[in-house]
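Undergrad: Dropping in my_file37.pdb, which is PDB, C-alpha atoms:
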ATOM      1  CA  MET S   1       0.000   0.000   0.000
ATOM      2  CA  SER S   2       1.431   3.385  -0.965
ATOM      3  CA  THR S   3       1.877   6.198   1.527
ATOM      4  CA  ILE S   4      -0.734   8.939   1.396
ATOM      5  CA  ILE S   5       0.992  12.250   0.734
ATOM      6  CA  THR S   6      -0.411  14.910   3.075
ATOM      7  CA  ASP S   7       2.583  17.243   3.373
ATOM      8  CA  ILE S   8       4.803  18.726   0.684
ATOM      9  CA  ASN S   9       7.856  17.686   2.714
ATOM     10  CA  GLN S  10       7.013  14.046   1.890
ATOM     11  CA  LEU S  11       7.800  14.792  -1.778
ATOM     12  CA  ASP S  12      11.144  15.055  -3.517
ATOM     13  CA  LEU S  13      11.047  18.643  -4.796
ATOM     14  CA  ASP S  14      13.665  17.697  -7.403
ATOM     15  CA  GLY S  15      11.567  14.742  -8.589
ATOM     16  CA  THR S  16       9.370  14.582 -11.681
ATOM     17  CA  TYR S  17       5.644  14.047 -11.207
ATOM     18  CA  THR S  18       2.555  13.560 -13.358
ATOM     19  CA  TYR S  19      -1.019  14.744 -13.076
ATOM     20  CA  ALA S  20      -1.909  11.253 -11.789
ATOM     21  CA  ASP S  21       0.519  11.816  -8.888
ATOM     22  CA  TYR S  22      -0.916  15.304  -8.293
ATOM     23  CA  LEU S  23      -4.448  13.855  -8.053
ATOM     24  CA  SER S  24      -3.359  11.406  -5.350
ATOM     25  CA  TRP S  25      -1.876  14.028  -3.023
ATOM     26  CA  ARG S  26      -3.878  15.301  -0.036
ATOM     27  CA  ILE S  27      -1.804  18.437   0.515
ATOM     28  CA  GLU S  28      -3.534  21.615   1.716
ATOM     29  CA  GLU S  29      -1.018  23.920   0.016
ATOM     30  CA  ARG S  30      -1.869  24.851  -3.558
ATOM     31  CA  LEU S  31       0.685  23.461  -5.982
ATOM     32  CA  GLU S  32       1.239  23.523  -9.708
ATOM     33  CA  LEU S  33       3.265  21.147 -11.879
ATOM     34  CA  ILE S  34       5.289  22.634 -14.694
ATOM     35  CA  LYS S  35       6.901  19.998 -16.884
ATOM     36  CA  GLY S  36       6.762  17.563 -13.986
ATOM     37  CA  LYS S  37       8.366  19.899 -11.437
ATOM     38  CA  ILE S  38       6.503  21.102  -8.342
ATOM     39  CA  PHE S  39       5.896  24.824  -7.976
ATOM     40  CA  LYS S  40       4.480  26.094  -4.709
ATOM     41  CA  MET S  41       1.849  28.741  -5.264
ATOM     42  CA  SER S  42       1.983  31.946  -3.244
ATOM     43  CA  PRO S  43       0.137  31.922   0.055
ATOM     44  CA  ALA S  44      -3.424  33.234   0.016
ATOM     45  CA  PRO S  45      -3.531  36.211  -2.352
ATOM     46  CA  SER S  46      -3.567  39.732  -0.932
ATOM     47  CA  LEU S  47      -6.768  41.733  -0.593
ATOM     48  CA  ARG S  48      -5.818  43.870  -3.610
ATOM     49  CA  HIS S  49      -5.113  40.756  -5.701
ATOM     50  CA  GLN S  50      -8.520  39.334  -4.750
ATOM     51  CA  LYS S  51     -10.338  42.597  -5.551
ATOM     52  CA  ILE S  52      -8.685  42.813  -8.983
ATOM     53  CA  SER S  53      -9.428  39.159  -9.724
ATOM     54  CA  GLY S  54     -13.056  39.497  -8.583
ATOM     55  CA  ARG S  55     -13.662  42.653 -10.608
ATOM     56  CA  LEU S  56     -12.137  41.131 -13.753
ATOM     57  CA  HIS S  57     -14.216  37.995 -13.277
ATOM     58  CA  LEU S  58     -17.449  39.962 -12.862
ATOM     59  CA  GLU S  59     -16.729  42.231 -15.829
ATOM     60  CA  MET S  60     -15.715  39.387 -18.110
ATOM     61  CA  GLY S  61     -18.489  37.122 -16.850
ATOM     62  CA  GLN S  62     -21.035  39.669 -18.079
ATOM     63  CA  PHE S  63     -19.354  39.761 -21.476
ATOM     64  CA  PHE S  64     -19.150  35.974 -21.877
ATOM     65  CA  LYS S  65     -22.799  35.536 -20.897
ATOM     66  CA  ASN S  66     -23.630  36.824 -24.394
ATOM     67  CA  TYR S  67     -20.583  35.467 -26.210
ATOM     68  CA  TYR S  68     -19.186  32.032 -26.874
ATOM     69  CA  GLY S  69     -16.707  30.905 -24.251
ATOM     70  CA  GLN S  70     -16.675  30.446 -20.489
ATOM     71  CA  ILE S  71     -14.551  32.102 -17.818
ATOM     72  CA  PHE S  72     -13.112  30.235 -14.827
ATOM     73  CA  TYR S  73     -11.140  31.388 -11.791
ATOM     74  CA  ALA S  74      -8.604  29.730  -9.482
ATOM     75  CA  PRO S  75      -8.474  27.171  -8.135
ATOM     76  CA  PHE S  76      -9.246  25.531 -11.490
ATOM     77  CA  ASP S  77      -6.894  22.919 -12.953
ATOM     78  CA  VAL S  78      -5.635  23.506 -16.478
ATOM     79  CA  ARG S  79      -3.824  20.406 -17.752
ATOM     80  CA  LEU S  80      -1.392  21.062 -20.573
ATOM     81  CA  PRO S  81      -0.294  17.788 -22.202
ATOM     82  CA  ARG S  82       2.812  17.676 -24.344
ATOM     83  CA  LYS S  83       1.954  17.837 -28.021
ATOM     84  CA  ASP S  84       3.661  14.494 -28.646
ATOM     85  CA  SER S  85       1.874  12.458 -25.964
ATOM     86  CA  LEU S  86      -1.510  11.058 -25.083
ATOM     87  CA  ALA S  87      -3.603  13.055 -22.655
ATOM     88  CA  SER S  88      -3.922  10.388 -19.955
ATOM     89  CA  ASP S  89      -3.344  11.537 -16.364
ATOM     90  CA  GLY S  90      -0.108   9.539 -16.147
ATOM     91  CA  LYS S  91       1.277  11.228 -19.266
ATOM     92  CA  ILE S  92       0.476  14.833 -18.282
ATOM     93  CA  PHE S  93       3.351  16.618 -16.555
ATOM     94  CA  THR S  94       1.882  20.129 -16.373
ATOM     95  CA  VAL S  95      -1.108  21.380 -14.408
ATOM     96  CA  VAL S  96      -1.501  25.068 -13.591
ATOM     97  CA  GLN S  97      -4.134  27.159 -11.846
ATOM     98  CA  PRO S  98      -4.292  30.545 -13.590
ATOM     99  CA  ASP S  99      -6.048  33.374 -11.769
ATOM    100  CA  LEU S 100      -8.573  33.524 -14.636
ATOM    101  CA  CYS S 101      -8.930  31.725 -17.945
ATOM    102  CA  VAL S 102     -11.359  31.665 -20.858
ATOM    103  CA  ILE S 103     -12.143  28.492 -22.766
ATOM    104  CA  CYS S 104     -14.147  28.574 -26.010
ATOM    105  CA  ASP S 105     -13.889  24.903 -26.972
ATOM    106  CA  GLU S 106     -16.289  23.056 -24.654
ATOM    107  CA  ASN S 107     -14.643  19.757 -25.618
ATOM    108  CA  LYS S 108     -11.651  20.811 -23.478
ATOM    109  CA  LEU S 109     -13.814  20.945 -20.332
ATOM    110  CA  ASP S 110     -14.431  18.010 -18.024
ATOM    111  CA  GLU S 111     -15.080  17.416 -14.330
ATOM    112  CA  LYS S 112     -11.369  17.853 -13.565
ATOM    113  CA  GLY S 113     -11.098  21.268 -15.248
ATOM    114  CA  CYS S 114      -9.595  22.022 -18.644
ATOM    115  CA  LEU S 115      -7.554  19.646 -20.808
ATOM    116  CA  GLY S 116      -5.614  21.683 -23.346
ATOM    117  CA  ALA S 117      -4.774  25.329 -23.828
ATOM    118  CA  PRO S 118      -7.377  27.937 -22.839
ATOM    119  CA  ASP S 119      -7.898  30.728 -25.345
ATOM    120  CA  LEU S 120      -7.029  33.427 -22.794
ATOM    121  CA  ILE S 121      -5.109  33.184 -19.523
ATOM    122  CA  ILE S 122      -4.868  36.013 -16.988
ATOM    123  CA  GLU S 123      -2.251  35.966 -14.227
ATOM    124  CA  ILE S 124      -2.211  38.681 -11.558
ATOM    125  CA  LEU S 125       1.311  39.281 -10.321
ATOM    126  CA  SER S 126       2.121  39.150  -6.617
ATOM    127  CA  PRO S 127       5.520  39.921  -5.105
ATOM    128  CA  GLY S 128       6.177  36.197  -4.569
ATOM    129  CA  ASN S 129       5.141  34.917  -7.995
ATOM    130  CA  SER S 130       6.289  37.463 -10.564
ATOM    131  CA  LYS S 131       9.454  35.597 -11.601
ATOM    132  CA  LYS S 132       7.530  32.345 -12.185
ATOM    133  CA  GLU S 133       4.763  34.099 -14.151
ATOM    134  CA  MET S 134       7.189  36.124 -16.223
ATOM    135  CA  ASN S 135       9.546  33.274 -17.056
ATOM    136  CA  GLU S 136       8.325  29.695 -16.788
ATOM    137  CA  LYS S 137       4.647  30.366 -17.411
ATOM    138  CA  PHE S 138       5.277  32.761 -20.300
ATOM    139  CA  ASP S 139       7.244  30.047 -22.120
ATOM    140  CA  LEU S 140       4.789  27.331 -21.099
ATOM    141  CA  TYR S 141       1.703  29.211 -22.306
ATOM    142  CA  GLU S 142       3.420  30.162 -25.546
ATOM    143  CA  GLU S 143       4.471  26.588 -26.374
ATOM    144  CA  SER S 144       1.061  25.221 -25.299
ATOM    145  CA  GLY S 145      -0.758  27.521 -27.731
ATOM    146  CA  VAL S 146      -2.602  29.871 -25.334
ATOM    147  CA  ARG S 147      -3.794  32.451 -27.872
ATOM    148  CA  GLU S 148      -3.695  35.468 -25.548
ATOM    149  CA  TYR S 149      -1.958  35.952 -22.196
ATOM    150  CA  TRP S 150      -2.496  38.898 -19.848
ATOM    151  CA  LEU S 151      -0.071  39.741 -17.060
ATOM    152  CA  VAL S 152      -1.782  42.080 -14.612
ATOM    153  CA  GLU S 153       0.697  44.234 -12.670
ATOM    154  CA  PRO S 154      -1.118  45.781  -9.672
ATOM    155  CA  SER S 155       1.864  47.908  -8.593
ATOM    156  CA  ASP S 156       1.827  49.706 -11.984
ATOM    157  CA  ASN S 157      -1.968  49.576 -12.538
ATOM    158  CA  ALA S 158      -1.116  48.079 -15.917
ATOM    159  CA  VAL S 159      -1.861  44.996 -18.009
ATOM    160  CA  TYR S 160       0.711  43.496 -20.342
ATOM    161  CA  ILE S 161      -0.871  41.603 -23.252
ATOM    162  CA  TYR S 162       0.826  38.909 -25.291
ATOM    163  CA  VAL S 163      -0.814  37.537 -28.435
ATOM    164  CA  LEU S 164       0.266  34.381 -30.242
ATOM    165  CA  ASN S 165       1.319  35.033 -33.840
ATOM    166  CA  GLU S 166       1.187  32.659 -36.826
ATOM    167  CA  ASP S 167       4.617  31.247 -35.883
ATOM    168  CA  GLY S 168       3.404  30.300 -32.392
ATOM    169  CA  LYS S 169       5.396  33.082 -30.685
ATOM    170  CA  TYR S 170       4.060  35.763 -28.369
ATOM    171  CA  ILE S 171       4.051  39.340 -29.556
ATOM    172  CA  GLY S 172       3.951  41.860 -26.712
ATOM    173  CA  LEU S 173       1.571  44.766 -27.145
ATOM    174  CA  LYS S 174       1.884  48.236 -25.635
ATOM    175  CA  PRO S 175       1.158  48.123 -21.860
ATOM    176  CA  VAL S 176      -2.459  49.052 -21.129
ATOM    177  CA  THR S 177      -3.334  51.477 -18.337
ATOM    178  CA  SER S 178      -6.794  52.760 -19.312
ATOM    179  CA  ILE S 179      -9.137  50.804 -21.619
ATOM    180  CA  LEU S 180      -8.178  47.161 -22.010
ATOM    181  CA  LYS S 181      -9.137  45.527 -25.307
ATOM    182  CA  SER S 182      -8.617  41.887 -26.160
ATOM    183  CA  SER S 183      -7.098  40.972 -29.516
ATOM    184  CA  ILE S 184      -8.939  37.664 -29.797
ATOM    185  CA  PHE S 185     -12.245  38.957 -28.401
ATOM    186  CA  PRO S 186     -12.463  42.347 -30.171
ATOM    187  CA  ASP S 187     -15.762  43.335 -28.492
ATOM    188  CA  LEU S 188     -14.322  42.882 -24.995
ATOM    189  CA  GLU S 189     -13.370  46.231 -23.449
ATOM    190  CA  ILE S 190     -12.570  46.778 -19.768
ATOM    191  CA  ASN S 191     -12.055  50.087 -17.985
ATOM    192  CA  LEU S 192      -8.947  49.485 -15.884
ATOM    193  CA  GLU S 193      -9.703  52.405 -13.572
ATOM    194  CA  GLU S 194     -12.659  50.375 -12.302
ATOM    195  CA  ILE S 195     -10.540  47.228 -12.004
ATOM    196  CA  PHE S 196      -7.637  48.824 -10.140
ATOM    197  CA  GLY S 197      -9.765  51.414  -8.269
TER     198      GLY S 197
END
Could you render the structure as structure tokens?

TA:
Amino acid sequence: MSTIITDINQLDLDGTYTYADYLSWRIEERLELIKGKIFKMSPAPSLRHQKISGRLHLEMGQFFKNYYGQIFYAPFDVRLPRKDSLASDGKIFTVVQPDLCVICDENKLDEKGCLGAPDLIIEILSPGNSKKEMNEKFDLYEESGVREYWLVEPSDNAVYIYVLNEDGKYIGLKPVTSILKSSIFPDLEINLEEIFG
């Protein structure tokens, strides 16, 4: 009988794990797997982070009520299988929990969350997670085919938008500080003064 994992200290942080392993853990801390490696998520988000996330969710939820696509907020597992492998739990080495994500293809949704790249991912930076979001996740979302990626920077009251081009590479747009417009959802406009207010 295998040992039930209830504490992160029972795991080898240099080991490589799959989504099947992740599902078997009974750890209270929120974790993500990026290419099989464990990433601890920041402790509970700050009040400002939660306000920004809630306001974006409400604003976008209204938009997607009348538009194709659904919006989800963390904790919500997004499994990103490698392009060259089957999508079984034991073959998936990446599971992330973006702050917000939009999925248009309902076939990607199941009881466990999302299997495959969302159309839009939004990450709100916190002092403890900016390096991970800006480095590992940027590369991960680009190679997984996430069509649009927003990095929300509360300290600057700005949103940095990256859009996937025809070559599968992100193109960074001018930082947005007033009216946020999505490239892939052209009718979506958000007043950032209300989001950051």

Undergrad: Is there a way to get, as a short mmCIF file (atom, residue, chain, number, x, y, z; two decimals) with C-alpha atoms, in the coordinates of the input, all residues within 9 Å of the point (2.6, 38.0, -24.2) in file coordinates, counting only C-alpha atoms?

TA:
data_model
loop_
_atom_site.label_atom_id
_atom_site.label_comp_id
_atom_site.auth_asym_id
_atom_site.auth_seq_id
_atom_site.Cartn_x
_atom_site.Cartn_y
_atom_site.Cartn_z
CA PHE S 138 5.28 32.76 -20.30
CA GLU S 142 3.42 30.16 -25.55
CA GLU S 148 -3.70 35.47 -25.55
CA TYR S 149 -1.96 35.95 -22.20
CA TRP S 150 -2.50 38.90 -19.85
CA LEU S 151 -0.07 39.74 -17.06
CA TYR S 160 0.71 43.50 -20.34
CA ILE S 161 -0.87 41.60 -23.25
CA TYR S 162 0.83 38.91 -25.29
CA VAL S 163 -0.81 37.54 -28.44
CA LEU S 164 0.27 34.38 -30.24
CA LYS S 169 5.40 33.08 -30.68
CA TYR S 170 4.06 35.76 -28.37
CA ILE S 171 4.05 39.34 -29.56
CA GLY S 172 3.95 41.86 -26.71
CA LEU S 173 1.57 44.77 -27.14
#

Undergrad: Run the PyMOL selection byres ((chain S and resi 78) around 12) mentally over the shown coordinates, then write out the matched residues as a CSV table (one decimal) with C-alpha atoms, in the coordinates of the input, using the chain letters and numbers from the document.

TA:
chain,number,residue,atom,x,y,z
S,19,TYR,CA,-1.0,14.7,-13.1
S,32,GLU,CA,1.2,23.5,-9.7
S,33,LEU,CA,3.3,21.1,-11.9
S,34,ILE,CA,5.3,22.6,-14.7
S,72,PHE,CA,-13.1,30.2,-14.8
S,73,TYR,CA,-11.1,31.4,-11.8
S,74,ALA,CA,-8.6,29.7,-9.5
S,75,PRO,CA,-8.5,27.2,-8.1
S,76,PHE,CA,-9.2,25.5,-11.5
S,77,ASP,CA,-6.9,22.9,-13.0
S,79,ARG,CA,-3.8,20.4,-17.8
S,80,LEU,CA,-1.4,21.1,-20.6
S,81,PRO,CA,-0.3,17.8,-22.2
S,92,ILE,CA,0.5,14.8,-18.3
S,93,PHE,CA,3.4,16.6,-16.6
S,94,THR,CA,1.9,20.1,-16.4
S,95,VAL,CA,-1.1,21.4,-14.4
S,96,VAL,CA,-1.5,25.1,-13.6
S,97,GLN,CA,-4.1,27.2,-11.8
S,98,PRO,CA,-4.3,30.5,-13.6
S,99,ASP,CA,-6.0,33.4,-11.8
S,100,LEU,CA,-8.6,33.5,-14.6
S,101,CYS,CA,-8.9,31.7,-17.9
S,102,VAL,CA,-11.4,31.7,-20.9
S,103,ILE,CA,-12.1,28.5,-22.8
S,108,LYS,CA,-11.7,20.8,-23.5
S,109,LEU,CA,-13.8,20.9,-20.3
S,110,ASP,CA,-14.4,18.0,-18.0
S,111,GLU,CA,-15.1,17.4,-14.3
S,112,LYS,CA,-11.4,17.9,-13.6
S,113,GLY,CA,-11.1,21.3,-15.2
S,114,CYS,CA,-9.6,22.0,-18.6
S,115,LEU,CA,-7.6,19.6,-20.8
S,116,GLY,CA,-5.6,21.7,-23.3
S,117,ALA,CA,-4.8,25.3,-23.8
S,118,PRO,CA,-7.4,27.9,-22.8
S,119,ASP,CA,-7.9,30.7,-25.3
S,120,LEU,CA,-7.0,33.4,-22.8
S,121,ILE,CA,-5.1,33.2,-19.5
S,141,TYR,CA,1.7,29.2,-22.3
S,144,SER,CA,1.1,25.2,-25.3
S,146,VAL,CA,-2.6,29.9,-25.3

Undergrad: Starting from the PyMOL selection byres ((chain S and resi 56) around 12), expand the selection into actual residues of this file and give them as a PyMOL selection string.

TA: chain S and resi 49-55+57-64+71-73+99-102+122-124+150+152+159+180+188-197

Undergrad: Between atom CA of S:Tyr67 and atom CA of S:Ile184, what is the distance, to one decimal in Å?

TA: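 About the pair atom CA of S:Tyr67 and atom CA of S:Ile184: they are 12.4 Å apart.
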
Undergrad: So how many Å separate atom CA of S:Thr177 and atom CA of S:Ala158, to one decimal?

TA: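 According to the coordinates, atom CA of S:Thr177 and atom CA of S:Ala158 are separated by 4.7 Å.
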
Undergrad: I'd like to see the residues matched by the PyMOL selection byres ((chain S and resi 69) around 6) on this file, and ideally I'd get them as a PyMOL selection string.

TA: chain S and resi 68+70+103-104

Undergrad: What gap, in Å, lies between atom CA of S:Glu136 and atom CA of S:Ile38?

TA: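 Atom CA of S:Glu136 sits 12.2 Å away from atom CA of S:Ile38.
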
Undergrad: S:Asp12: which residues within 12 Å, counting all atoms listed in the file, same-chain residues fewer than 3 positions away excluded, as a PyMOL selection string?

TA: chain S and resi 5+7-9+15-17+36-39

Undergrad: Enclose stretch 139-158 of chain S, meaning all of its atoms listed in the file, in a box aligned along x, y and z, pad it by 8 Å on each side, and list the centre and edge lengths in Å to one decimal, as AutoDock Vina command-line options.

TA:
--center_x 1.7 --center_y 37.5 --center_z -18.2 --size_x 27.0 --size_y 40.5 --size_z 35.3

Undergrad: Find the spatial neighbours of S:Met41, counting all atoms listed in the file, within a cut-off of 8 Å - ignore same-chain residues fewer than 2 positions away - and output them as a PyMOL selection string.

TA: chain S and resi 29-32+39+43+129
